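Colleague: Below is the structure I would like to discuss, written out as structure tokens.
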Amino acid sequence: MGIEKYRVHEVAKDFGLPTKTITEILTKYAETPKNHMQALTDQELSLIFEYLTQHNPVSSIQVIFADTYKEEPAKEPATKKPEPAGKAAAPAQGQQVRQSVPAQSAQSSQGGRQQPQQQNAASKPAAQQPVSRVPQRKIVDTRKGGDVNLAKYDERLEDLGGERGARMQRQQRSGKEKIRTNNQRRGGMTFSNKRKQDEAERMRRLQLEIAKKAPVKVMIPDEISVGELASRMKKTGAEVVKCLMKNGIMASLSQIIDFDTAAIIAEEMGCKVEKEVVVTIEERLIDDHEDKAEDLVPRAPVVVVMGHVDHGKTSLLDTIRHTSVAAGEAGGITQHIGAYQVQVNGKPITFLDTPGHEAFTSMRARGAMITDIAILVVAADDGIMPQTVESINHAKAAGIPIIVAINKIDRENANPDRVLQQLTEYGLVPEDWGGDTICCRISAKQKIGIENLLEMVTLTAEMAELKANPNRSAKGTVIEARLDKGRGPVATLLVQNGTLKQGDIIIAGTAVGRVRTMMDYKGARLTQAGPSVPVEIAGLSEAPSAGSPFFAVADERMARELVEQRKAEEKAKAAAPVQKVSLENLFDQIQAGERKELALIVKADVQGSVEAVKASLEKLSNDEVTVRVIHGGVGAINESDVMLAASSGAIIVGFNVRPDAAARDGAVRQNVDMRMYRVIYDCIDEIEAAMKGMLAPKYREVVLGHAEVRQTYKVSSVGTVAGCYVQDGKIVRSCSVRVVRDGIVIHEGSLASLKRFKDDAREVAENYECGLTVEKFNDIKEGDIIEAFTMEEIPR
Ligand SMILES: Nc1nc2c(ncn2[C@@H]2O[C@H](COP(=O)(O)OP(=O)(O)OP(=O)(O)O)[C@@H](O)[C@H]2O)c(=O)[nH]1
């Protein structure tokens, strides 16, 4: 077209249109919108022409010719001044011109020269009709170029250039053709594009519709938060919460629900459920497959010795060890490694060489079930004592058989029958009396009845059909571990399944390493150890904690990765509070189906109270939750009670008793809920309310401190003054106090006075002495503990 730098505003001006109209056309149809100063490409120009052509149709063909004539003279007036003739008749003439055009069309070539005068006259009305100007422009550029002028040029070119001209002409034609078809295509494309878009939109809607109808497939892992489930089902959180509520589950978006619940909800909401199997490093690393029955072979039983203080546990363990060693290899030096094995009639028995139930319970608290049988040592001259009862309850809670060893029968005042009688009170009916509890009379010191006891152990083990598969990688539990100056971390391991070999890579808690050396309890080097064999090994990166499970693994790199992961988890766990059972969360746990049993430990000042409370509390059992007192005893709440509570998920209930310092610390550390009561009915009411979710404790007791009574003075006008030493915390004048004697609360009330030397004191801090009197209580004795406490409102 030969138009160079034809700017938007120029085009607009030429068409007599506002620049905005042109830019609008471009915005609508061109690829890039333009502002008024920008130059237009040929394509954009033709686009504008095309648009204006389509939107400004010409009324008749005459107009075109009229314009053709008008166009040329338009250039000439500058040189040739138009004659002012017929000025008045101009409008009418303009009309005439248009009508006369057909007659002139035949001689169109001369038209240009013959018309100036008329044109001049016609130019005015044309200017007065801006609407008609637009089509005029359009026609000049497209039609005129094609139909009139080009044909003329073609003729000339043909004459002039011959072949070349013909070629050019062809090119020109095809070029023009191209432009046209391009234009046509453009227009067509806009149209078909729209259709295509419509079509695509329809298809999209259709697919959506189908997708909506087809059930969404959701992958649900073992546990999932309500929010995550909602997003996986492509539903809103509210919809899911509503559905959960419909099913009787009150859960917020962040709450975790198990697979079964999630699956029910998902199916109800029209989804197809698939279980998501998440393979952790642990699962990849640790071979935890079930053994086939044919691979299993009998293994030695693992036995623990329990009982009351001084009833002879250590003596019994020593006797057994020495008897067996003496019998096996005379003069053999035994090494203490926390566990050992003895042979009874060619059958091995593994003893955990850690007397007492502390170690046993602490392991169980970690979930380690390592013992198969418990030997309960009861001194025949002493009978059943508090720790004997604890031991019975620990073993019962672990679900292992108990063999009673009635010890010290050599003593003169030994009364084994009384022990048998007492045992029945704890549900252990001796075989002699028609029950199924094996009771052996022994003397650990005099080595009487030991063999029989051991035979009974093997017999019990046989009954239990204890088996393991020695042909797999080893797994077991850490019995104890320490840091040896020369050998580094050393651990006693009990292999529970498989065979541990020297050089194996093992992982135990956050410890990892290769088994560098392996020894049995006699200190003899071993290259491998099968099921139920205790060994001491060196080679771990650190000393693992007792009770941790260990595994022999194949991939050291992955094992180290797992250790790192565990360390990070431990760190996170240490930062997060542990969710254990308490009366406050009991109802929630029952509701969530997490708790079917409420385990309680009852401690009271007298046995009568224990029995009464036990009976009343167990009667609270209902369809949803069973109340079970797993241990009851007389005396202060001790660390062992706390450990049992921690390992069994129990709440401790105390009547007129207090926890000792170790128990208090342990309870805080292990998050064990301890409830102290003075009246049985208060306890029953509170637990009943907690089970029904109606517990509304508004106040919480805060212990301020403890003072020990060192001296007492009788002052006639005031009563008994106690000279005390504040052991911990502080004693505050306005606080409440309880007087505790041997772990038993003998009085609860408030202070009548608090003095430092002769002056009244508002409070007395730790490690200071003070004098105090208790309101309406004068029976204070030396050695009593004054516990100071206040009631604090629990913020809701
Ligand atoms: N006469 C007699 N004394 C025994 C017998 N068994 C143990 N004793 C004695 O009872 C006391 C306590 O024995 P231990 O074996 O230390 O008792 P324990 O149960 O291990 O005690 P703790 O380790 O304190 O829990 C020791 O003086 C033993 O000598 C026995 O069969 N006969």
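Chain labels run A, B, ... following the order of the structure tokens; each chain numbers its residues from 1, and ligands are numbered from 1 in the order shown.
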Residues within 8 Å of ligand 1, counting only C-alpha atoms and all ligand atoms: report them as a PDB file with N, CA and C atoms, in the first residue's frame.

Modeller:
ATOM      1  N   MET A 306      10.235 -60.774  91.108  1.00  0.00           N
ATOM      2  CA  MET A 306       9.652 -59.592  91.749  1.00  0.00           C
ATOM      3  C   MET A 306       9.288 -59.894  93.197  1.00  0.00           C
ATOM      4  N   GLY A 307       9.056 -58.851  93.959  1.00  0.00           N
ATOM      5  CA  GLY A 307       8.631 -59.071  95.342  1.00  0.00           C
ATOM      6  C   GLY A 307       8.940 -57.889  96.233  1.00  0.00           C
ATOM      7  N   HIS A 308       8.530 -58.037  97.497  1.00  0.00           N
ATOM      8  CA  HIS A 308       8.709 -56.954  98.458  1.00  0.00           C
ATOM      9  C   HIS A 308      10.185 -56.854  98.864  1.00  0.00           C
ATOM     10  N   VAL A 309      10.545 -55.692  99.327  1.00  0.00           N
ATOM     11  CA  VAL A 309      11.912 -55.430  99.795  1.00  0.00           C
ATOM     12  C   VAL A 309      12.332 -56.485 100.823  1.00  0.00           C
ATOM     13  N   ASP A 310      13.538 -56.959 100.641  1.00  0.00           N
ATOM     14  CA  ASP A 310      14.151 -57.906 101.582  1.00  0.00           C
ATOM     15  C   ASP A 310      13.492 -59.284 101.630  1.00  0.00           C
ATOM     16  N   HIS A 311      12.644 -59.563 100.683  1.00  0.00           N
ATOM     17  CA  HIS A 311      12.021 -60.890 100.720  1.00  0.00           C
ATOM     18  C   HIS A 311      12.914 -61.948 100.068  1.00  0.00           C
ATOM     19  N   GLY A 312      14.008 -61.445  99.450  1.00  0.00           N
ATOM     20  CA  GLY A 312      15.009 -62.400  98.955  1.00  0.00           C
ATOM     21  C   GLY A 312      15.152 -62.489  97.444  1.00  0.00           C
ATOM     22  N   LYS A 313      14.836 -61.432  96.709  1.00  0.00           N
ATOM     23  CA  LYS A 313      14.937 -61.474  95.240  1.00  0.00           C
ATOM     24  C   LYS A 313      16.396 -61.642  94.799  1.00  0.00           C
ATOM     25  N   THR A 314      17.250 -60.778  95.360  1.00  0.00           N
ATOM     26  CA  THR A 314      18.658 -60.830  94.961  1.00  0.00           C
ATOM     27  C   THR A 314      19.258 -62.177  95.347  1.00  0.00           C
ATOM     28  N   SER A 315      18.911 -62.618  96.530  1.00  0.00           N
ATOM     29  CA  SER A 315      19.442 -63.908  96.986  1.00  0.00           C
ATOM     30  C   SER A 315      19.010 -65.024  96.041  1.00  0.00           C
ATOM     31  N   LEU A 316      17.776 -64.988  95.617  1.00  0.00           N
ATOM     32  CA  LEU A 316      17.271 -66.041  94.737  1.00  0.00           C
ATOM     33  C   LEU A 316      17.999 -65.994  93.383  1.00  0.00           C
ATOM     34  N   LEU A 317      18.124 -64.790  92.833  1.00  0.00           N
ATOM     35  CA  LEU A 317      18.808 -64.655  91.529  1.00  0.00           C
ATOM     36  C   LEU A 317      20.255 -65.136  91.620  1.00  0.00           C
ATOM     37  N   PRO A 355      16.368 -57.209  89.829  1.00  0.00           N
ATOM     38  CA  PRO A 355      15.254 -57.479  90.721  1.00  0.00           C
ATOM     39  C   PRO A 355      14.354 -56.265  90.901  1.00  0.00           C
ATOM     40  N   GLY A 356      13.171 -56.560  91.284  1.00  0.00           N
ATOM     41  CA  GLY A 356      12.231 -55.454  91.539  1.00  0.00           C
ATOM     42  C   GLY A 356      11.429 -55.153  90.291  1.00  0.00           C
ATOM     43  N   VAL A 377       8.467 -63.428  94.715  1.00  0.00           N
ATOM     44  CA  VAL A 377       9.110 -63.885  95.945  1.00  0.00           C
ATOM     45  C   VAL A 377       8.348 -63.321  97.139  1.00  0.00           C
ATOM     46  N   ALA A 379       8.364 -63.636 101.361  1.00  0.00           N
ATOM     47  CA  ALA A 379       9.040 -64.211 102.523  1.00  0.00           C
ATOM     48  C   ALA A 379       8.001 -64.887 103.413  1.00  0.00           C
ATOM     49  N   ASN A 407       9.639 -67.854 100.076  1.00  0.00           N
ATOM     50  CA  ASN A 407      11.052 -67.908 100.460  1.00  0.00           C
ATOM     51  C   ASN A 407      11.229 -67.941 101.985  1.00  0.00           C
ATOM     52  N   LYS A 408      12.422 -68.197 102.324  1.00  0.00           N
ATOM     53  CA  LYS A 408      12.856 -68.210 103.734  1.00  0.00           C
ATOM     54  C   LYS A 408      12.095 -69.252 104.555  1.00  0.00           C
ATOM     55  N   ILE A 409      11.821 -70.396 103.930  1.00  0.00           N
ATOM     56  CA  ILE A 409      11.073 -71.424 104.678  1.00  0.00           C
ATOM     57  C   ILE A 409      11.948 -72.041 105.771  1.00  0.00           C
ATOM     58  N   ASP A 410      13.264 -71.718 105.677  1.00  0.00           N
ATOM     59  CA  ASP A 410      14.176 -72.236 106.714  1.00  0.00           C
ATOM     60  C   ASP A 410      14.010 -71.484 108.022  1.00  0.00           C
ATOM     61  N   ARG A 411      13.374 -70.341 107.934  1.00  0.00           N
ATOM     62  CA  ARG A 411      13.230 -69.541 109.154  1.00  0.00           C
ATOM     63  C   ARG A 411      12.236 -70.191 110.118  1.00  0.00           C
ATOM     64  N   ILE A 442      10.661 -72.357  99.044  1.00  0.00           N
ATOM     65  CA  ILE A 442      12.115 -72.358  98.827  1.00  0.00           C
ATOM     66  C   ILE A 442      12.870 -71.650  99.953  1.00  0.00           C
ATOM     67  N   SER A 443      14.143 -71.868  99.918  1.00  0.00           N
ATOM     68  CA  SER A 443      15.023 -71.040 100.751  1.00  0.00           C
ATOM     69  C   SER A 443      16.187 -70.651  99.846  1.00  0.00           C
ATOM     70  N   ALA A 444      16.222 -69.380  99.524  1.00  0.00           N
ATOM     71  CA  ALA A 444      17.274 -68.909  98.624  1.00  0.00           C
ATOM     72  C   ALA A 444      18.629 -69.054  99.288  1.00  0.00           C
ATOM     73  N   LYS A 445      18.616 -68.845 100.597  1.00  0.00           N
ATOM     74  CA  LYS A 445      19.869 -68.893 101.336  1.00  0.00           C
ATOM     75  C   LYS A 445      20.361 -70.329 101.491  1.00  0.00           C
ATOM     76  N   GLN A 446      19.447 -71.194 101.860  1.00  0.00           N
ATOM     77  CA  GLN A 446      19.822 -72.586 102.091  1.00  0.00           C
ATOM     78  C   GLN A 446      19.771 -73.417 100.813  1.00  0.00           C
ATOM     79  N   LYS A 447      19.438 -72.799  99.706  1.00  0.00           N
ATOM     80  CA  LYS A 447      19.325 -73.470  98.397  1.00  0.00           C
ATOM     81  C   LYS A 447      18.358 -74.657  98.450  1.00  0.00           C
ATOM     82  N   ILE A 448      17.222 -74.395  99.073  1.00  0.00           N
ATOM     83  CA  ILE A 448      16.199 -75.431  99.154  1.00  0.00           C
ATOM     84  C   ILE A 448      15.112 -75.142  98.128  1.00  0.00           C
TER      85      ILE A 448
END

Colleague: Based on the backbone DSSP call, show me all residues of region 292-509 of chain A assigned strand (DSSP E or B), as a PyMOL selection string.

Modeller: chain A and resi 297-298+302-307+339-344+347-352+373-379+402-407+430+437-441+443+448+467-468+473+475-484+488-497+499-501+505-508

Colleague: Give me, as number ranges by chain, all polymer residues having an atom no more than 12 Å from Leu500 (chain A), counting only C-alpha atoms and skipping those fewer than 5 positions away in the same chain.

Modeller: A: 469-476, 493-495, 505-506, 514-519, 526-537, 550-553

Colleague: Mind listing the alpha helix (DSSP H) residues of region 301-480 of chain A, per DSSP on the backbone, as a PyMOL selection string?

Modeller: chain A and resi 313-328+357-365+386-398+416-425+450-464

Colleague: Considering only C-alpha atoms, return as number ranges by chain whatever protein or nucleic-acid residues lie within 9 Å of Arg700 (chain A), sequence-local ones (same chain, fewer than 4 positions apart) excluded.

Modeller: A: 790-794

Colleague: Between CA of Lys522 (chain A) and CA of Lys467 (chain A), what distance in Å does the model show, to one decimal?

Modeller: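 The value is 24.7 Å.
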
Colleague: Quick check, in Å to one decimal: how far apart do CA of Val629 (chain A) and CA of Asp382 (chain A) lie?

Modeller: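 Between CA of Val629 (chain A) and CA of Asp382 (chain A) the gap is 25.5 Å.
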
Colleague: For Val627 (chain A), which residue among A:Glu282, A:Glu597, A:Asp432, A:Glu10 is the nearest when counting only C-alpha atoms?

Modeller: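 Closest residue, counting only C-alpha atoms: A:Glu597.
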
Colleague: Pick out the closest residue to Tyr725 (chain A) from this set: A:Val610, A:Val737, A:Ala374, A:Val709. Count only C-alpha atoms.

Modeller: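 Closest to Tyr725 (chain A) of all the choices is A:Val709.
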
Colleague: Using only C-alpha atoms, which residues sit within 7 Å of region 613-621 of chain A once same-chain residues fewer than 5 positions away are excluded, as a list in words?

Modeller: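 The contact residues come out as Thr626, Val627, Arg628, Val629, Ile680, Ile684 and Glu688 of chain A.
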
Colleague: What is the distance, in Å and to one decimal place, between CA of Gln341 (chain A) and CA of Arg482 (chain A)?

Modeller: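 Taking CA of Gln341 (chain A) and CA of Arg482 (chain A), their separation equals 21.0 Å.
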
Colleague: My list of candidates is A:Gln670, A:Ser254, A:Thr280, A:Asn193. Which is closest to Ala645 (chain A) when distances are computed with only C-alpha atoms?

Modeller: A:Gln670

Colleague: Taking only C-alpha atoms into account, which of A:Gln43, A:Ala604, A:Asp588, A:Gly338 comes nearest Ala546 (chain A)?

Modeller: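 Of the candidates, the smallest distance to Ala546 (chain A) is held by A:Gly338.
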